[in-house]
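Structure data (PDB, C-alpha atoms) from query_19.pdb:
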```pdb
ATOM      1  CA  MET A   1     -12.105  12.000  -4.247  1.00  0.00           C
ATOM      2  CA  SER A   2     -13.262  11.116  -7.743  1.00  0.00           C
ATOM      3  CA  GLN A   3     -13.083   7.316  -7.534  1.00  0.00           C
ATOM      4  CA  GLU A   4     -16.496   5.819  -6.829  1.00  0.00           C
ATOM      5  CA  ASP A   5     -16.643   2.042  -6.494  1.00  0.00           C
ATOM      6  CA  ASN A   6     -17.919   1.650 -10.046  1.00  0.00           C
ATOM      7  CA  GLY A   7     -15.039   3.777 -11.350  1.00  0.00           C
ATOM      8  CA  TRP A   8     -12.233   1.459 -10.354  1.00  0.00           C
ATOM      9  CA  GLU A   9     -12.367  -0.671 -13.499  1.00  0.00           C
ATOM     10  CA  GLU A  10     -11.994   2.496 -15.566  1.00  0.00           C
ATOM     11  CA  TYR A  11      -9.043   3.419 -13.373  1.00  0.00           C
ATOM     12  CA  TYR A  12      -7.398   0.016 -13.895  1.00  0.00           C
ATOM     13  CA  ARG A  13      -7.799   0.369 -17.658  1.00  0.00           C
ATOM     14  CA  ALA A  14      -6.290   3.850 -17.572  1.00  0.00           C
ATOM     15  CA  ILE A  15      -3.138   2.697 -15.769  1.00  0.00           C
ATOM     16  CA  LYS A  16      -2.663  -0.493 -17.789  1.00  0.00           C
ATOM     17  CA  GLY A  17       0.989  -1.156 -18.507  1.00  0.00           C
ATOM     18  CA  ARG A  18       2.334   1.210 -15.851  1.00  0.00           C
ATOM     19  CA  PRO A  19       5.726   0.434 -14.267  1.00  0.00           C
ATOM     20  CA  PRO A  20       5.873  -0.778 -10.654  1.00  0.00           C
ATOM     21  CA  ARG A  21       5.880   1.996  -8.101  1.00  0.00           C
ATOM     22  CA  GLN A  22       9.285   3.085  -6.899  1.00  0.00           C
ATOM     23  CA  LEU A  23       8.245   2.713  -3.265  1.00  0.00           C
ATOM     24  CA  LEU A  24       8.105  -1.071  -3.549  1.00  0.00           C
ATOM     25  CA  LEU A  25      11.341  -1.307  -5.532  1.00  0.00           C
ATOM     26  CA  ASP A  26      13.100   0.812  -2.914  1.00  0.00           C
ATOM     27  CA  ALA A  27      11.643  -1.213  -0.040  1.00  0.00           C
ATOM     28  CA  LEU A  28      12.847  -4.471  -1.562  1.00  0.00           C
ATOM     29  CA  THR A  29      16.433  -3.219  -1.576  1.00  0.00           C
ATOM     30  CA  TYR A  30      16.355  -3.290   2.228  1.00  0.00           C
ATOM     31  CA  PHE A  31      15.722  -7.024   2.049  1.00  0.00           C
ATOM     32  CA  ALA A  32      18.648  -7.732  -0.279  1.00  0.00           C
ATOM     33  CA  SER A  33      20.785  -9.277   2.459  1.00  0.00           C
ATOM     34  CA  ASN A  34      17.878 -11.530   3.458  1.00  0.00           C
ATOM     35  CA  SER A  35      16.964 -12.629  -0.051  1.00  0.00           C
ATOM     36  CA  ALA A  36      18.103 -16.207   0.560  1.00  0.00           C
ATOM     37  CA  GLN A  37      15.600 -16.686   3.375  1.00  0.00           C
ATOM     38  CA  PRO A  38      12.766 -18.970   2.283  1.00  0.00           C
ATOM     39  CA  GLN A  39       9.085 -18.255   2.731  1.00  0.00           C
ATOM     40  CA  LEU A  40       9.183 -14.474   2.976  1.00  0.00           C
ATOM     41  CA  LEU A  41       5.583 -13.228   3.043  1.00  0.00           C
ATOM     42  CA  ALA A  42       4.328  -9.837   1.904  1.00  0.00           C
ATOM     43  CA  ILE A  43       0.922  -8.196   2.011  1.00  0.00           C
ATOM     44  CA  ASP A  44       0.104  -5.948  -0.941  1.00  0.00           C
ATOM     45  CA  LEU A  45      -2.516  -3.804   0.756  1.00  0.00           C
ATOM     46  CA  GLY A  46      -4.733  -2.196  -1.849  1.00  0.00           C
ATOM     47  CA  CYS A  47      -3.201  -4.284  -4.627  1.00  0.00           C
ATOM     48  CA  GLY A  48      -5.193  -2.528  -7.355  1.00  0.00           C
ATOM     49  CA  ASP A  49      -4.245  -3.747 -10.818  1.00  0.00           C
ATOM     50  CA  GLY A  50      -1.674  -6.146  -9.370  1.00  0.00           C
ATOM     51  CA  THR A  51       1.503  -4.601 -10.750  1.00  0.00           C
ATOM     52  CA  GLU A  52       3.352  -4.650  -7.416  1.00  0.00           C
ATOM     53  CA  THR A  53       2.044  -8.095  -6.479  1.00  0.00           C
ATOM     54  CA  ALA A  54       3.488  -9.386  -9.750  1.00  0.00           C
ATOM     55  CA  VAL A  55       6.892  -7.915  -8.903  1.00  0.00           C
ATOM     56  CA  LEU A  56       6.894  -9.541  -5.473  1.00  0.00           C
ATOM     57  CA  LEU A  57       6.014 -12.934  -6.929  1.00  0.00           C
ATOM     58  CA  GLU A  58       8.686 -12.593  -9.609  1.00  0.00           C
ATOM     59  CA  ARG A  59      11.238 -12.039  -6.855  1.00  0.00           C
ATOM     60  CA  GLY A  60      10.242 -15.171  -4.986  1.00  0.00           C
ATOM     61  CA  TRP A  61       7.965 -13.763  -2.308  1.00  0.00           C
ATOM     62  CA  ASN A  62       4.747 -15.316  -1.104  1.00  0.00           C
ATOM     63  CA  VAL A  63       2.023 -12.665  -1.371  1.00  0.00           C
ATOM     64  CA  LEU A  64      -1.356 -11.951   0.139  1.00  0.00           C
ATOM     65  CA  ALA A  65      -2.969  -9.401  -2.209  1.00  0.00           C
ATOM     66  CA  ILE A  66      -5.816  -7.444  -0.609  1.00  0.00           C
ATOM     67  CA  ASP A  67      -8.256  -5.037  -2.216  1.00  0.00           C
ATOM     68  CA  GLY A  68     -11.841  -3.939  -1.764  1.00  0.00           C
ATOM     69  CA  GLN A  69     -12.702  -4.267  -5.442  1.00  0.00           C
ATOM     70  CA  PRO A  70     -13.366  -7.708  -7.004  1.00  0.00           C
ATOM     71  CA  ALA A  71     -12.148  -6.388 -10.371  1.00  0.00           C
ATOM     72  CA  SER A  72      -8.659  -6.001  -8.909  1.00  0.00           C
ATOM     73  CA  VAL A  73      -8.212  -9.766  -8.668  1.00  0.00           C
ATOM     74  CA  GLU A  74      -9.278 -10.186 -12.292  1.00  0.00           C
ATOM     75  CA  TYR A  75      -6.606  -7.713 -13.405  1.00  0.00           C
ATOM     76  CA  LEU A  76      -4.044  -9.222 -11.047  1.00  0.00           C
ATOM     77  CA  LEU A  77      -4.475 -12.786 -12.264  1.00  0.00           C
ATOM     78  CA  THR A  78      -3.828 -11.784 -15.874  1.00  0.00           C
ATOM     79  CA  LYS A  79      -0.317 -10.702 -14.827  1.00  0.00           C
ATOM     80  CA  ILE A  80       0.696 -13.844 -12.924  1.00  0.00           C
ATOM     81  CA  PRO A  81       2.224 -16.931 -14.587  1.00  0.00           C
ATOM     82  CA  GLU A  82       0.590 -20.194 -13.542  1.00  0.00           C
ATOM     83  CA  GLN A  83       3.704 -21.450 -11.782  1.00  0.00           C
ATOM     84  CA  GLN A  84       3.689 -18.402  -9.473  1.00  0.00           C
ATOM     85  CA  LYS A  85       0.044 -18.627  -8.445  1.00  0.00           C
ATOM     86  CA  THR A  86       0.818 -21.235  -5.778  1.00  0.00           C
ATOM     87  CA  ARG A  87       2.535 -18.438  -3.829  1.00  0.00           C
ATOM     88  CA  LEU A  88      -0.411 -16.033  -4.164  1.00  0.00           C
ATOM     89  CA  ARG A  89      -3.457 -15.622  -1.968  1.00  0.00           C
ATOM     90  CA  THR A  90      -6.102 -12.931  -2.395  1.00  0.00           C
ATOM     91  CA  GLN A  91      -8.558 -11.283  -0.038  1.00  0.00           C
ATOM     92  CA  ILE A  92     -11.365  -9.034  -1.277  1.00  0.00           C
ATOM     93  CA  THR A  93     -12.578  -6.985   1.653  1.00  0.00           C
ATOM     94  CA  LYS A  94     -12.878  -3.486   3.055  1.00  0.00           C
ATOM     95  CA  PHE A  95      -9.851  -2.327   4.987  1.00  0.00           C
ATOM     96  CA  GLU A  96     -11.761  -2.280   8.275  1.00  0.00           C
ATOM     97  CA  ASP A  97     -12.514  -5.988   7.857  1.00  0.00           C
ATOM     98  CA  VAL A  98      -9.083  -7.257   6.812  1.00  0.00           C
ATOM     99  CA  ILE A  99      -7.546 -10.292   8.446  1.00  0.00           C
ATOM    100  CA  LEU A 100      -3.771  -9.968   8.382  1.00  0.00           C
ATOM    101  CA  PRO A 101      -1.336 -12.824   9.033  1.00  0.00           C
ATOM    102  CA  SER A 102       2.156 -12.337  10.434  1.00  0.00           C
ATOM    103  CA  VAL A 103       4.314 -10.990   7.588  1.00  0.00           C
ATOM    104  CA  ASP A 104       7.751  -9.701   6.639  1.00  0.00           C
ATOM    105  CA  LEU A 105       6.484  -6.765   4.556  1.00  0.00           C
ATOM    106  CA  VAL A 106       3.334  -4.693   4.283  1.00  0.00           C
ATOM    107  CA  HIS A 107       3.285  -2.668   1.068  1.00  0.00           C
ATOM    108  CA  ALA A 108       0.579   0.015   0.925  1.00  0.00           C
ATOM    109  CA  SER A 109       1.190   2.421  -1.944  1.00  0.00           C
ATOM    110  CA  LEU A 110      -1.495   5.142  -2.220  1.00  0.00           C
ATOM    111  CA  SER A 111      -4.032   2.891  -0.493  1.00  0.00           C
ATOM    112  CA  LEU A 112      -4.179   3.666   3.247  1.00  0.00           C
ATOM    113  CA  PRO A 113      -6.017   7.006   2.838  1.00  0.00           C
ATOM    114  CA  PHE A 114      -8.989   5.100   1.414  1.00  0.00           C
ATOM    115  CA  CYS A 115      -9.757   3.720   4.859  1.00  0.00           C
ATOM    116  CA  SER A 116     -12.389   5.912   6.496  1.00  0.00           C
ATOM    117  CA  PRO A 117     -11.370   7.994   9.531  1.00  0.00           C
ATOM    118  CA  GLU A 118     -13.681   6.101  11.876  1.00  0.00           C
ATOM    119  CA  HIS A 119     -11.898   2.822  11.152  1.00  0.00           C
ATOM    120  CA  PHE A 120      -8.359   3.994  10.511  1.00  0.00           C
ATOM    121  CA  ASP A 121      -6.848   3.637  13.995  1.00  0.00           C
ATOM    122  CA  ALA A 122      -8.016   0.037  14.355  1.00  0.00           C
ATOM    123  CA  PHE A 123      -6.869  -0.705  10.814  1.00  0.00           C
ATOM    124  CA  TRP A 124      -3.412   0.705  11.495  1.00  0.00           C
ATOM    125  CA  ALA A 125      -3.164  -1.309  14.713  1.00  0.00           C
ATOM    126  CA  LYS A 126      -3.782  -4.475  12.674  1.00  0.00           C
ATOM    127  CA  ILE A 127      -0.971  -3.515  10.306  1.00  0.00           C
ATOM    128  CA  VAL A 128       1.497  -2.891  13.119  1.00  0.00           C
ATOM    129  CA  GLN A 129       0.580  -6.151  14.815  1.00  0.00           C
ATOM    130  CA  ALA A 130       0.937  -8.122  11.565  1.00  0.00           C
ATOM    131  CA  ILE A 131       4.506  -7.023  10.804  1.00  0.00           C
ATOM    132  CA  LYS A 132       7.112  -9.288  12.392  1.00  0.00           C
ATOM    133  CA  PRO A 133       9.962  -7.739  14.389  1.00  0.00           C
ATOM    134  CA  GLY A 134      12.551  -6.901  11.761  1.00  0.00           C
ATOM    135  CA  GLY A 135       9.866  -6.785   9.089  1.00  0.00           C
ATOM    136  CA  ARG A 136       9.003  -3.645   7.190  1.00  0.00           C
ATOM    137  CA  PHE A 137       6.189  -1.274   6.351  1.00  0.00           C
ATOM    138  CA  ALA A 138       6.390   0.547   3.015  1.00  0.00           C
ATOM    139  CA  GLY A 139       3.494   2.882   2.433  1.00  0.00           C
ATOM    140  CA  GLN A 140       2.085   6.329   1.934  1.00  0.00           C
ATOM    141  CA  PHE A 141      -0.152   8.655   3.928  1.00  0.00           C
ATOM    142  CA  PHE A 142      -1.929  11.690   2.497  1.00  0.00           C
ATOM    143  CA  GLY A 143      -1.331  15.068   4.109  1.00  0.00           C
ATOM    144  CA  LEU A 144      -3.758  17.850   4.921  1.00  0.00           C
ATOM    145  CA  ARG A 145      -2.857  19.925   1.862  1.00  0.00           C
ATOM    146  CA  ASP A 146      -3.824  17.169  -0.564  1.00  0.00           C
ATOM    147  CA  SER A 147      -6.561  18.089  -3.073  1.00  0.00           C
ATOM    148  CA  TRP A 148      -8.757  15.311  -1.736  1.00  0.00           C
ATOM    149  CA  ALA A 149      -8.431  16.365   1.915  1.00  0.00           C
ATOM    150  CA  ASP A 150     -12.071  17.447   2.059  1.00  0.00           C
ATOM    151  CA  SER A 151     -13.256  13.894   1.287  1.00  0.00           C
ATOM    152  CA  PRO A 152     -15.055  12.698   4.438  1.00  0.00           C
ATOM    153  CA  ASP A 153     -14.560   9.008   3.652  1.00  0.00           C
ATOM    154  CA  MET A 154     -10.778   9.294   3.362  1.00  0.00           C
ATOM    155  CA  THR A 155      -8.120   9.740   6.054  1.00  0.00           C
ATOM    156  CA  PHE A 156      -5.425  12.419   6.091  1.00  0.00           C
ATOM    157  CA  HIS A 157      -2.555  13.065   8.506  1.00  0.00           C
ATOM    158  CA  THR A 158      -0.005  15.631   9.602  1.00  0.00           C
ATOM    159  CA  GLU A 159       3.672  14.712   9.587  1.00  0.00           C
ATOM    160  CA  GLU A 160       3.601  14.650  13.385  1.00  0.00           C
ATOM    161  CA  GLN A 161       0.751  12.141  13.343  1.00  0.00           C
ATOM    162  CA  VAL A 162       2.535   9.909  10.838  1.00  0.00           C
ATOM    163  CA  ARG A 163       5.729   9.875  12.868  1.00  0.00           C
ATOM    164  CA  LYS A 164       3.732   9.081  15.995  1.00  0.00           C
ATOM    165  CA  MET A 165       2.154   6.083  14.270  1.00  0.00           C
ATOM    166  CA  LEU A 166       5.646   4.835  13.479  1.00  0.00           C
ATOM    167  CA  GLU A 167       6.874   4.884  17.065  1.00  0.00           C
ATOM    168  CA  ASN A 168       7.338   1.083  17.004  1.00  0.00           C
ATOM    169  CA  PHE A 169       9.508   1.344  13.902  1.00  0.00           C
ATOM    170  CA  GLU A 170      12.944   2.522  12.868  1.00  0.00           C
ATOM    171  CA  ILE A 171      12.327   4.918   9.980  1.00  0.00           C
ATOM    172  CA  GLU A 172      14.630   4.053   7.100  1.00  0.00           C
ATOM    173  CA  TYR A 173      13.136   6.444   4.527  1.00  0.00           C
ATOM    174  CA  PHE A 174      10.754   9.379   4.950  1.00  0.00           C
ATOM    175  CA  HIS A 175       9.858  11.829   2.190  1.00  0.00           C
ATOM    176  CA  GLU A 176       7.183  14.514   1.933  1.00  0.00           C
ATOM    177  CA  THR A 177       5.727  15.397  -1.475  1.00  0.00           C
ATOM    178  CA  ASP A 178       3.764  18.650  -1.631  1.00  0.00           C
ATOM    179  CA  GLU A 179       3.285  19.618  -5.258  1.00  0.00           C
ATOM    180  CA  ASP A 180       0.881  20.081  -8.125  1.00  0.00           C
ATOM    181  CA  GLY A 181       0.507  17.153 -10.467  1.00  0.00           C
ATOM    182  CA  SER A 182      -2.202  15.020 -11.972  1.00  0.00           C
ATOM    183  CA  ALA A 183      -4.281  11.936 -11.300  1.00  0.00           C
ATOM    184  CA  VAL A 184      -6.258   9.808 -13.724  1.00  0.00           C
ATOM    185  CA  SER A 185      -9.193  12.101 -12.972  1.00  0.00           C
ATOM    186  CA  GLY A 186      -7.264  15.244 -13.900  1.00  0.00           C
ATOM    187  CA  PRO A 187      -5.111  17.951 -12.243  1.00  0.00           C
ATOM    188  CA  LYS A 188      -4.406  17.356  -8.570  1.00  0.00           C
ATOM    189  CA  HIS A 189      -2.300  18.686  -5.715  1.00  0.00           C
ATOM    190  CA  TRP A 190      -0.458  15.815  -4.047  1.00  0.00           C
ATOM    191  CA  HIS A 191       0.508  15.977  -0.384  1.00  0.00           C
ATOM    192  CA  ILE A 192       2.004  12.610   0.513  1.00  0.00           C
ATOM    193  CA  PHE A 193       4.270  11.175   3.190  1.00  0.00           C
ATOM    194  CA  THR A 194       6.190   8.195   1.800  1.00  0.00           C
ATOM    195  CA  VAL A 195       7.667   5.836   4.380  1.00  0.00           C
ATOM    196  CA  ILE A 196       9.843   2.755   4.606  1.00  0.00           C
ATOM    197  CA  ALA A 197      10.273   1.618   8.209  1.00  0.00           C
ATOM    198  CA  ARG A 198      11.600  -1.456  10.013  1.00  0.00           C
ATOM    199  CA  LYS A 199       9.702  -2.796  12.996  1.00  0.00           C
ATOM    200  CA  ARG A 200      11.745  -2.951  16.164  1.00  0.00           C
TER     201      ARG A 200
END
```
File written out as structure tokens:
Amino acid sequence: MSQEDNGWEEYYRAIKGRPPRQLLLDALTYFASNSAQPQLLAIDLGCGDGTETAVLLERGWNVLAIDGQPASVEYLLTKIPEQQKTRLRTQITKFEDVILPSVDLVHASLSLPFCSPEHFDAFWAKIVQAIKPGGRFAGQFFGLRDSWADSPDMTFHTEEQVRKMLENFEIEYFHETDEDGSAVSGPKHWHIFTVIARKR
């Protein structure tokens, strides 16, 4: 993978002004009937430049934004009005060291693969444990045909493995992308499993 730690700020600058990712917008539609419930809490796992965290706050959620890069919080805070910051907490830490409270939604768009293989199973167990019954996971896993699949510090899965990890969930949306495209770093083949699932 091309993103070294010191390349993340360049990445954030390159994606400045991007729209929120469709995965989060789609996931939030599943909560429409529960929108009147107070104190809904979401984790934005790998919050990056903060675009999705900002959307969650705008829609009345409380948010714990987590990322491994201190620069992410700087970019995030520029997007958040002062009156919304009381509903925001941040945690700068590696995925293997995260502390996750009980939540209604874990959003993890294009972030989970950046947990190393040696720590991934324990990390995923924390995610599953954190989501309340009836809460949701909305996230993406990279498949074995992804261009970055030879990166030893990243984690990749087969469809069978992804579905196995979701055995405690009712899958509400599952889509496989397997196509040429581009990343900030240049041309790239994307192999991604995109999931929205409700915990039983």
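For the choices A:Leu76, A:Ala54, A:Ile192, A:Leu112, the atom-to-atom distance to Asp146 (chain A) is smallest for A:Ile192 when using all atoms listed in the file.
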Checklist entry - Mind pulling up the distance from CA of Pro152 (chain A) to CA of Cys47 (chain A)? => result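 Interatomic distance here is 22.6 Å.
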Checklist entry - Which is closest to Lys79 (chain A) among A:Thr93, A:Gln129, A:Thr51, A:Ser182, if we use all atoms listed in the file? => result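 Checking each candidate against Lys79 (chain A), we get A:Thr51 as the closest.
Of note, CA of Asp178 (chain A) and CA of Leu110 (chain A) are spaced 14.5 Å apart.
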Item to check | Hits of the PyMOL selection byres ((chain A and resi 163-172) around 8) in this structure, as a list of chain:residue names | outcome: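 Output from the PyMOL selection byres ((chain A and resi 163-172) around 8), applied to this file: A:Glu159, A:Glu160, A:Gln161, A:Val162, A:Tyr173, A:Phe174, A:Val195, A:Ile196, A:Ala197, A:Arg198, A:Lys199, A:Arg200.
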Those residues you just picked out, can you put them in a file as a PDB file, in the frame of the given file with C-alpha atoms?
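New file out39.pdb:
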```
ATOM      1  CA  GLU A 159       3.672  14.712   9.587  1.00  0.00           C
ATOM      2  CA  GLU A 160       3.601  14.650  13.385  1.00  0.00           C
ATOM      3  CA  GLN A 161       0.751  12.141  13.343  1.00  0.00           C
ATOM      4  CA  VAL A 162       2.535   9.909  10.838  1.00  0.00           C
ATOM      5  CA  TYR A 173      13.136   6.444   4.527  1.00  0.00           C
ATOM      6  CA  PHE A 174      10.754   9.379   4.950  1.00  0.00           C
ATOM      7  CA  VAL A 195       7.667   5.836   4.380  1.00  0.00           C
ATOM      8  CA  ILE A 196       9.843   2.755   4.606  1.00  0.00           C
ATOM      9  CA  ALA A 197      10.273   1.618   8.209  1.00  0.00           C
ATOM     10  CA  ARG A 198      11.600  -1.456  10.013  1.00  0.00           C
ATOM     11  CA  LYS A 199       9.702  -2.796  12.996  1.00  0.00           C
ATOM     12  CA  ARG A 200      11.745  -2.951  16.164  1.00  0.00           C
TER      13      ARG A 200
END
```
Checklist entry - For Val63 (chain A), which of A:Thr78, A:Thr29, A:Leu105, A:Asp49 is the closest residue, counting all atoms listed in the file? => result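 Closest to Val63 (chain A), using all atoms listed in the file: A:Leu105.
Using only C-alpha atoms for every distance, the candidate list A:Phe114, A:Val184, A:Leu77, A:Trp124 yields A:Leu77 as the residue closest to Thr90 (chain A).
Note that CA of Trp190 (chain A) and CA of Lys126 (chain A) are 26.5 Å apart.
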Checklist entry - Using the chain letters and numbers from the file, which residues does the PyMOL selection byres ((chain A and resi 25) around 12) grab, as an MDAnalysis selection string? => result chainID A and resid 19:24 26:32 51:53 55:56 59 107 109 138:139 196
Next on the checklist: Here's the selection I'm unsure about, the PyMOL selection byres ((chain A and resi 111) around 12); applied to the file above, which residues does it give, as a count of residues only?
Outcome noted: 31
Checklist entry - Which is closest to Glu96 (chain A) among A:Glu179, A:Glu82, A:Glu74, A:Asp121, if we use only C-alpha atoms? => result A:Asp121
Checklist entry - With distances taken over only C-alpha atoms, which of A:Ala42, A:Val128, A:Ala122, A:Ala183 is nearest to Arg89 (chain A)? => result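 Checking each candidate against Arg89 (chain A), we get A:Ala42 as the closest.
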Filled-in N, CA, C and O atoms of region 37-53 of chain A, supplied as an mmCIF file, keeping the file's coordinate frame:
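Full text of part.cif as output:
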```cif
data_model
loop_
_atom_site.group_PDB
_atom_site.id
_atom_site.type_symbol
_atom_site.label_atom_id
_atom_site.label_comp_id
_atom_site.auth_asym_id
_atom_site.auth_seq_id
_atom_site.Cartn_x
_atom_site.Cartn_y
_atom_site.Cartn_z
ATOM 1 N N GLN A 37 16.517 -16.095 2.406
ATOM 2 C CA GLN A 37 15.600 -16.686 3.375
ATOM 3 C C GLN A 37 14.350 -17.197 2.660
ATOM 4 O O GLN A 37 13.731 -16.476 1.874
ATOM 5 N N PRO A 38 13.968 -18.437 2.924
ATOM 6 C CA PRO A 38 12.766 -18.970 2.283
ATOM 7 C C PRO A 38 11.493 -18.436 2.938
ATOM 8 O O PRO A 38 11.510 -17.973 4.076
ATOM 9 N N GLN A 39 10.421 -18.493 2.189
ATOM 10 C CA GLN A 39 9.085 -18.255 2.731
ATOM 11 C C GLN A 39 8.858 -16.834 3.235
ATOM 12 O O GLN A 39 8.109 -16.622 4.189
ATOM 13 N N LEU A 40 9.510 -15.855 2.641
ATOM 14 C CA LEU A 40 9.183 -14.474 2.976
ATOM 15 C C LEU A 40 7.768 -14.176 2.491
ATOM 16 O O LEU A 40 7.385 -14.543 1.382
ATOM 17 N N LEU A 41 6.987 -13.509 3.344
ATOM 18 C CA LEU A 41 5.583 -13.228 3.043
ATOM 19 C C LEU A 41 5.336 -11.730 3.055
ATOM 20 O O LEU A 41 5.727 -11.034 3.999
ATOM 21 N N ALA A 42 4.697 -11.247 2.007
ATOM 22 C CA ALA A 42 4.328 -9.837 1.904
ATOM 23 C C ALA A 42 2.826 -9.706 1.752
ATOM 24 O O ALA A 42 2.162 -10.567 1.164
ATOM 25 N N ILE A 43 2.294 -8.605 2.283
ATOM 26 C CA ILE A 43 0.922 -8.196 2.011
ATOM 27 C C ILE A 43 0.977 -6.995 1.073
ATOM 28 O O ILE A 43 1.671 -6.017 1.351
ATOM 29 N N ASP A 44 0.276 -7.094 -0.051
ATOM 30 C CA ASP A 44 0.104 -5.948 -0.941
ATOM 31 C C ASP A 44 -1.274 -5.384 -0.631
ATOM 32 O O ASP A 44 -2.292 -5.909 -1.071
ATOM 33 N N LEU A 45 -1.285 -4.324 0.164
ATOM 34 C CA LEU A 45 -2.516 -3.804 0.756
ATOM 35 C C LEU A 45 -3.097 -2.722 -0.155
ATOM 36 O O LEU A 45 -2.544 -1.634 -0.276
ATOM 37 N N GLY A 46 -4.213 -3.049 -0.797
ATOM 38 C CA GLY A 46 -4.733 -2.196 -1.849
ATOM 39 C C GLY A 46 -3.988 -2.517 -3.128
ATOM 40 O O GLY A 46 -3.350 -1.660 -3.744
ATOM 41 N N CYS A 47 -4.051 -3.791 -3.535
ATOM 42 C CA CYS A 47 -3.201 -4.284 -4.627
ATOM 43 C C CYS A 47 -3.593 -3.711 -5.983
ATOM 44 O O CYS A 47 -2.808 -3.775 -6.928
ATOM 45 N N GLY A 48 -4.803 -3.179 -6.111
ATOM 46 C CA GLY A 48 -5.193 -2.528 -7.355
ATOM 47 C C GLY A 48 -5.085 -3.440 -8.558
ATOM 48 O O GLY A 48 -5.607 -4.552 -8.552
ATOM 49 N N ASP A 49 -4.354 -2.980 -9.582
ATOM 50 C CA ASP A 49 -4.245 -3.747 -10.818
ATOM 51 C C ASP A 49 -3.232 -4.878 -10.728
ATOM 52 O O ASP A 49 -3.036 -5.615 -11.688
ATOM 53 N N GLY A 50 -2.557 -5.013 -9.592
ATOM 54 C CA GLY A 50 -1.674 -6.146 -9.370
ATOM 55 C C GLY A 50 -0.239 -5.980 -9.810
ATOM 56 O O GLY A 50 0.548 -6.927 -9.722
ATOM 57 N N THR A 51 0.148 -4.801 -10.241
ATOM 58 C CA THR A 51 1.503 -4.601 -10.750
ATOM 59 C C THR A 51 2.560 -4.914 -9.691
ATOM 60 O O THR A 51 3.557 -5.594 -9.968
ATOM 61 N N GLU A 52 2.356 -4.422 -8.466
ATOM 62 C CA GLU A 52 3.352 -4.650 -7.416
ATOM 63 C C GLU A 52 3.314 -6.096 -6.911
ATOM 64 O O GLU A 52 4.356 -6.671 -6.589
ATOM 65 N N THR A 53 2.134 -6.684 -6.851
ATOM 66 C CA THR A 53 2.044 -8.095 -6.479
ATOM 67 C C THR A 53 2.844 -8.945 -7.454
ATOM 68 O O THR A 53 3.568 -9.875 -7.058
#
```
